[in-house]
Amino acid sequence: MKTKTITCTVNGQTRALLVDIRQSLLEVLRQDLQLTGAKQGCGVGECGACTVLIDGEAYDSCLYLAVWAEGKDIRTIEGEAHDGQLSNVQTAFITEGAVQCGFCTPGVIMSVTALAEHSCQCDRDSLKKELSGHMCRCTGYQNILNAAEKALIKAD
Ligand code: FES
Ligand code: FES
């Protein structure tokens, strides 16, 4: 096993991590850091359940090697609430009833968070395209889109 030490920021904390060079960022987050909010769904970049933010952009962490995270700012769902206050996006998902089993939810919230932080002026159709990489096995797409719209309006 070939390993490498990387230094990155995870949810605002600087971390030095010894990683197997073959490990995905998702594996390191879930297994080494016990940040289990990002989910392993398909493992091949199809479902979006593993989405995290890397330097403010949404990525499928199952396809992102942990060694590529050297020097990066990583954000997961665990870091989105501050001082016990949920983020606007998290709150919108609750008020719009956009959470059923919750498996897809952390990933979708991270993607919507990236859109909000990039001041996305997405209409419903563009939002569908932006979030097309996320699969919801509970098929709660309408409420997810409602929540995303609400969160983006609040971000204006
Ligand atoms: S687990 Fe990464 S895209 Fe499905
Ligand atoms: S809420 Fe169950 S997979 Fe989306």
# chains A, B, ... in the order shown; residues from 1 in each chain; ligands from 1
>>> closest_atom_pairs(of="chain A", to="ligand 1", cutoff="8 Å", atoms="only C-alpha atoms and all ligand atoms", output="CSV")
residue,atom,partner,partner_atom_place_in_ligand_line,distance
A:Leu26,CA,ligand 1,2 (Fe),8.0
A:Lys39,CA,ligand 1,1 (S),6.3
A:Gln40,CA,ligand 1,1 (S),4.2
A:Gly41,CA,ligand 1,1 (S),3.9
A:Cys42,CA,ligand 1,4 (Fe),3.8
A:Gly43,CA,ligand 1,1 (S),3.8
A:Val44,CA,ligand 1,3 (S),5.5
A:Gly45,CA,ligand 1,3 (S),3.3
A:Glu46,CA,ligand 1,3 (S),4.4
A:Cys47,CA,ligand 1,4 (Fe),3.9
A:Gly48,CA,ligand 1,3 (S),4.0
A:Ala49,CA,ligand 1,4 (Fe),5.2
A:Cys50,CA,ligand 1,2 (Fe),4.5
A:Thr51,CA,ligand 1,2 (Fe),6.8
A:Asp60,CA,ligand 1,2 (Fe),4.9
A:Ser61,CA,ligand 1,2 (Fe),5.9
A:Cys62,CA,ligand 1,2 (Fe),4.3
A:Leu63,CA,ligand 1,2 (Fe),6.5
A:Gly133,CA,ligand 1,3 (S),7.8
A:His134,CA,ligand 1,3 (S),7.9
>>> select_by_dssp(residues="chain A", states="helix (DSSP H, G or I)", output="PyMOL selection string")
chain A and resi 25-32+66-69+77-79+88-95+105-117+124-130+141-155
>>> residues_near_ligand(ligand="ligand 2", cutoff="12 Å", atoms="only C-alpha atoms and all ligand atoms", output="PyMOL selection string")
chain A and resi 39-41+47-49+93-94+97-109+134-145
>>> atom_distance(atom1="CA of His118 in chain A", atom2="CA of Gln34 in chain A")
28.6 Å
>>> residues_around(residues="Gln13 in chain A", least_positions_apart="4", cutoff="10 Å", atoms="only C-alpha atoms", output="PyMOL selection string")
chain A and resi 8-9+73-74+79
>>> write_last_selection(atoms="C-alpha atoms", output="mmCIF file, in the first residue's frame")
data_model
loop_
_atom_site.group_PDB
_atom_site.id
_atom_site.type_symbol
_atom_site.label_atom_id
_atom_site.label_comp_id
_atom_site.auth_asym_id
_atom_site.auth_seq_id
_atom_site.Cartn_x
_atom_site.Cartn_y
_atom_site.Cartn_z
ATOM 1 C CA CYS A 8 -6.273 20.239 3.640
ATOM 2 C CA THR A 9 -9.060 22.090 5.381
ATOM 3 C CA ASP A 73 -10.853 23.609 1.212
ATOM 4 C CA ILE A 74 -13.327 20.737 1.684
ATOM 5 C CA GLY A 79 -20.027 21.919 8.508
#
>>> residues_around(residues="Leu53 in chain A", least_positions_apart="2", cutoff="10 Å", atoms="only C-alpha atoms", output="PyMOL selection string")
chain A and resi 10-11+51+55-61+72-77+107+110-111+113-114
>>> write_last_selection(atoms="C-alpha atoms", output="PDB file, in the first residue's frame")
ATOM      1  CA  VAL A  10     -12.184  20.132   6.265  1.00  0.00           C
ATOM      2  CA  ASN A  11     -15.139  22.174   7.467  1.00  0.00           C
ATOM      3  CA  THR A  51     -21.319  15.466  -3.260  1.00  0.00           C
ATOM      4  CA  ASP A  55     -12.847  25.145  -3.076  1.00  0.00           C
ATOM      5  CA  GLY A  56     -16.504  26.140  -3.351  1.00  0.00           C
ATOM      6  CA  GLU A  57     -17.387  23.835  -6.270  1.00  0.00           C
ATOM      7  CA  ALA A  58     -19.571  20.735  -6.023  1.00  0.00           C
ATOM      8  CA  TYR A  59     -17.769  17.440  -6.735  1.00  0.00           C
ATOM      9  CA  ASP A  60     -18.635  13.755  -6.592  1.00  0.00           C
ATOM     10  CA  SER A  61     -16.233  12.759  -3.834  1.00  0.00           C
ATOM     11  CA  LYS A  72      -7.967  22.292  -0.820  1.00  0.00           C
ATOM     12  CA  ASP A  73     -10.853  23.609   1.212  1.00  0.00           C
ATOM     13  CA  ILE A  74     -13.327  20.737   1.684  1.00  0.00           C
ATOM     14  CA  ARG A  75     -16.856  21.278   2.954  1.00  0.00           C
ATOM     15  CA  THR A  76     -19.338  18.590   3.891  1.00  0.00           C
ATOM     16  CA  ILE A  77     -22.885  18.754   5.202  1.00  0.00           C
ATOM     17  CA  GLY A 107     -25.408  15.816  -1.542  1.00  0.00           C
ATOM     18  CA  MET A 110     -24.179  20.865  -1.000  1.00  0.00           C
ATOM     19  CA  SER A 111     -24.895  21.403  -4.702  1.00  0.00           C
ATOM     20  CA  THR A 113     -25.259  25.657  -1.505  1.00  0.00           C
ATOM     21  CA  ALA A 114     -22.675  26.036  -4.280  1.00  0.00           C
TER      22      ALA A 114
END
>>> atom_distance(atom1="CA of Leu33 in chain A", atom2="CA of Val112 in chain A")
23.7 Å
>>> atom_distance(atom1="CA of Gly12 in chain A", atom2="CA of Ala92 in chain A")
23.3 Å
>>> select_by_dssp(residues="range 11-106 of chain A", states="strand (DSSP E)", output="ChimeraX atom specification")
/A:13-20,51-54,57-60,73-75
>>> residues_around(residues="Thr7 in chain A", least_positions_apart="6", cutoff="9 Å", atoms="only C-alpha atoms", output="PyMOL selection string")
chain A and resi 14-18+69-72
>>> write_last_selection(atoms="C-alpha atoms", output="mmCIF file, in the first residue's frame")
data_model
loop_
_atom_site.group_PDB
_atom_site.id
_atom_site.type_symbol
_atom_site.label_atom_id
_atom_site.label_comp_id
_atom_site.auth_asym_id
_atom_site.auth_seq_id
_atom_site.Cartn_x
_atom_site.Cartn_y
_atom_site.Cartn_z
ATOM 1 C CA THR A 14 -6.807 22.154 9.047
ATOM 2 C CA ARG A 15 -6.194 18.417 8.831
ATOM 3 C CA ALA A 16 -3.036 16.435 8.069
ATOM 4 C CA LEU A 17 -4.146 13.064 6.756
ATOM 5 C CA LEU A 18 -2.214 9.930 5.885
ATOM 6 C CA ALA A 69 -7.274 17.309 -1.909
ATOM 7 C CA GLU A 70 -3.816 18.599 -0.959
ATOM 8 C CA GLY A 71 -4.226 22.304 -0.110
ATOM 9 C CA LYS A 72 -7.967 22.292 -0.820
#
>>> residues_around(residues="Leu65 in chain A", least_positions_apart="6", cutoff="8 Å", atoms="only C-alpha atoms", output="VMD selection string")
chain A and resid 21 to 25
